[in-house]
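Below you'll find the structure, written out as structure tokens, and then a few comments.
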Amino acid sequence: MDPGDAAGAPDHGGPGRERWLDAAAGPIVRPYAVTRGRTRANGEPLDIVAILVATGRRPADPGRLSRHQRRLLALCRRPHALADLASDLDLPLGVIRVLVGDLIDSGLVDVQRWSAPADDPLAGLPAGGLPYAGPSYAGAPHSGSPHANAPHTDPNLLRRVLDELRAL
Amino acid sequence: MNSARSDLPPQPDTLDAPEPSDAPADHDERLDGPRVALKILVAGGFGVGKTTLVGAVSEIRPLRTEEALTDVGVGVDDLDGVAAKTTTTVAMDFGRITLRDGVAIYLFGTPGQERFWFMWNELSRGALGAVVLADTRRLMASFASIDYFEQKGTPFVVAVNCFEDAERYDPPEIRMALDIDPHVPVLLCDARHALSAKQVLVSLVEHALRLAGGSSRRL
């Protein structure tokens with residue numbers, strides 16, 4: 001594999017922090033060729049339903065993006081969940097994580113932050129609600145306790161979901 | 001997306017080619033698509049109807065992920081001759097229900113075997129809740145899922161998929177057989193039917209809402 005076939009992302013941490021698979025790794029090498037052999041994205045892993053959206057910023061050097069990354073970038077003009085991106089590109093989730101991680105590091109894609117709609121009477125929240133960047137999105141450890149500002153424990157959001165499900 | 005185009009060599013103008021869209025040119029596409037996604041797990045033994053249930057309420061999409069064969073797995077599985085293989089691709093299904101206002105529900109059928117529990121950890125983190133699908137002919141197969149969600153504090157309901165050739169039991173009998181806490185909903189369903197599958201999800205969201213401190217009464 002030619003490391004010069006870079007995916008166009010800044011090389012955080014240097015080679016010491018990258019996990020390269022060797023020839024003994026078997027058939028999995030092929031999908032990971034598109035990530036230059038890296039099996040882990042920088043930072044915390046993205047949640048399987050983290051919503052990714054293009055920032056609208058233009059890549060400094062578009063030619064250095066891989067075709068998969070250009071496709072991801074085009075898809076992310078509309079918000080897409082990580083699982084949808086993996087399914088659309090028919091690449092394993094772990095591969096998509098690495099490629100999307102590069103796009104995030106380059107400032108081309110961002111994780112959509114959830115905030116309670118302004119008209120929801122959420123006690124104690126400023127107008128517009130607090131941006132949520134908690135466990136299900138940033139991949140922080142699951143504490144098991146309710147997260148006051150997490151979508152999956154927001155009573156107002158759950159009530160809306162319930163009403164809409166009943167009406168389906 | 002045109003797959004032929006994506007096979008072309010790098011072209012800067014590819015970035016300007018939008019995804020096919022009916023929206024007018026000045027439409028901000030970032031306002032389309034989901035703004036918040038909620039995960040629901042569908043767990044249960046092999047062949048209990050997880051994919052059937054997901055397919056009854058949503059459009060199924062394939063997803064590939066990888067399983068790392070851990071040291072534990074190497075000890076258990078007989079991997080002589082394939083010892084070089086450290087990961088294997090796992091195919092799983094998921095479904096999406098798109099609601100109004102940018103809310104989307106993602107349903108994940110979770111592979112039942114213990115060696116897939118690495119996926120469970122990922123899926124249960126930040127999940128709205130889980131459906132434990134049970135088959136009265138093989139109730140034992142549900143124990144592991146129930147234990148798991150109890151330990152994680154993930155809201156869950158037990159839905160008994162009523163197979164035609166299986167003996168019918170009432171929810172109270174099933175609750176007793178599975179030793180389920182009184183507050184956990186137990187219901188019968190037919191995973192093949194959209195209305196029945198939807199009712200399972202409704203009862204899960206009601207349960208999650210109660211645990212989140214909200215009332216599930218109709219607004």
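Ligands are numbered from 1 in the order shown, residues from 1 within each chain, and chains are lettered A, B, ... in the order they appear in the structure tokens.
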Find the spatial neighbours of Ala127 of chain B, counting only C-alpha atoms, within a cut-off of 6 Å - ignore same-chain residues fewer than 2 positions away - and output them as a PyMOL selection string.
chain B and resi 39-40+124-125+129
Kindly save the residues from that selection, with N, CA and C atoms included, as a CSV table (one decimal), in the first residue's frame.
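Listed below is the output, out.csv:
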```csv
chain,number,residue,atom,x,y,z
B,39,LYS,N,-32.0,5.7,18.8
B,39,LYS,CA,-31.7,4.3,18.5
B,39,LYS,C,-32.6,3.4,19.3
B,40,ILE,N,-33.1,2.4,18.6
B,40,ILE,CA,-33.9,1.3,19.3
B,40,ILE,C,-33.3,0.0,18.9
B,124,SER,N,-26.2,0.1,22.5
B,124,SER,CA,-27.0,0.5,23.6
B,124,SER,C,-26.6,1.8,24.2
B,125,ARG,N,-25.4,2.3,23.8
B,125,ARG,CA,-25.0,3.6,24.4
B,125,ARG,C,-25.8,4.7,23.8
B,129,GLY,N,-34.1,2.8,23.8
B,129,GLY,CA,-34.5,1.6,24.5
B,129,GLY,C,-34.3,0.3,23.6
```
To test your reading of the structure, identify every residue in segment 43-95 of chain A that backbone DSSP assigns to alpha helix (DSSP H), and report it as an MDAnalysis selection string.
chainID A and resid 67:75 82:89 93:95
Surrounding residues of segment 153-157 of chain B excluding itself and chain neighbours under 2 positions, 7 Å, only C-alpha atoms, as a ChimeraX atom specification
/A:144 /B:129-132,149-151,159,184-186,204,207-208
Export of the given selection (C-alpha atoms) as a short mmCIF file (atom, residue, chain, number, x, y, z; two decimals), in the first residue's frame:
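again-v1.cif written:
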```cif
data_model
loop_
_atom_site.label_atom_id
_atom_site.label_comp_id
_atom_site.auth_asym_id
_atom_site.auth_seq_id
_atom_site.Cartn_x
_atom_site.Cartn_y
_atom_site.Cartn_z
CA GLY A 144 -26.27 4.56 32.88
CA GLY B 129 -34.47 1.56 24.50
CA ALA B 130 -34.67 -2.04 23.42
CA VAL B 131 -37.23 -4.60 22.37
CA VAL B 132 -36.47 -8.10 23.61
CA PHE B 149 -30.41 -4.40 29.38
CA GLU B 150 -31.16 -4.62 33.09
CA GLN B 151 -27.44 -4.20 33.81
CA ALA B 159 -42.48 -8.69 23.14
CA VAL B 184 -41.25 -3.77 32.54
CA PRO B 185 -43.97 -4.09 29.88
CA VAL B 186 -44.59 -7.59 28.52
CA LEU B 204 -41.31 0.91 24.45
CA HIS B 207 -41.92 2.97 28.99
CA ALA B 208 -38.83 5.07 28.19
#
```
Quote the spacing between atom CA of Gly126 of chain B and atom CA of Val36 of chain B in Å to one decimal place.
12.2 Å
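Of the residues under consideration (B:Asp181, B:Glu122, B:Glu59, B:Asp147), B:Glu122 shows the shortest atom-to-atom contact distance to chain A when counting only C-alpha atoms.
Taking only C-alpha atoms, the non-local environment of Lys198 of chain B within 9 Å (same-chain residues fewer than 6 positions away omitted) comprises Leu165, Arg166 and Leu168 of chain A; Leu53, Ala56 and Val57 of chain B.
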Nearest candidate to chain B (options A:Ser87, A:Ser115, A:Gln69, A:Thr35; using only C-alpha atoms):
A:Ser87
Atom CA of Asp47 of chain A and atom CA of Gly49 of chain B, how far apart in Å?
25.6 Å
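Nearest-residue note for Leu187 of chain B: choosing from B:Val103, B:Leu31, B:Cys162, B:Val205, the minimum distance belongs to B:Cys162, counting only C-alpha atoms.
You will find atom CA of Leu75 of chain A at 24.0 Å from atom CA of Pro151 of chain A.
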Write out as JSON, numbers by chain the residues lying within 12 Å of Ala86 of chain A, counting only C-alpha atoms and excluding same-chain residues fewer than 3 positions away.
{"A": [48, 49, 50, 52, 68, 69, 71, 72, 75, 80, 81, 82, 83, 89, 90, 91, 92, 93, 94, 95, 96, 97, 98, 99, 100], "B": [61, 62, 63, 64, 65, 91, 92, 93, 94]}
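The nearest approach to Thr51 of chain B among the residues B:Ala191, B:Glu167, B:Pro34, B:Asn121, with only C-alpha atoms taken into account, belongs to B:Ala191.
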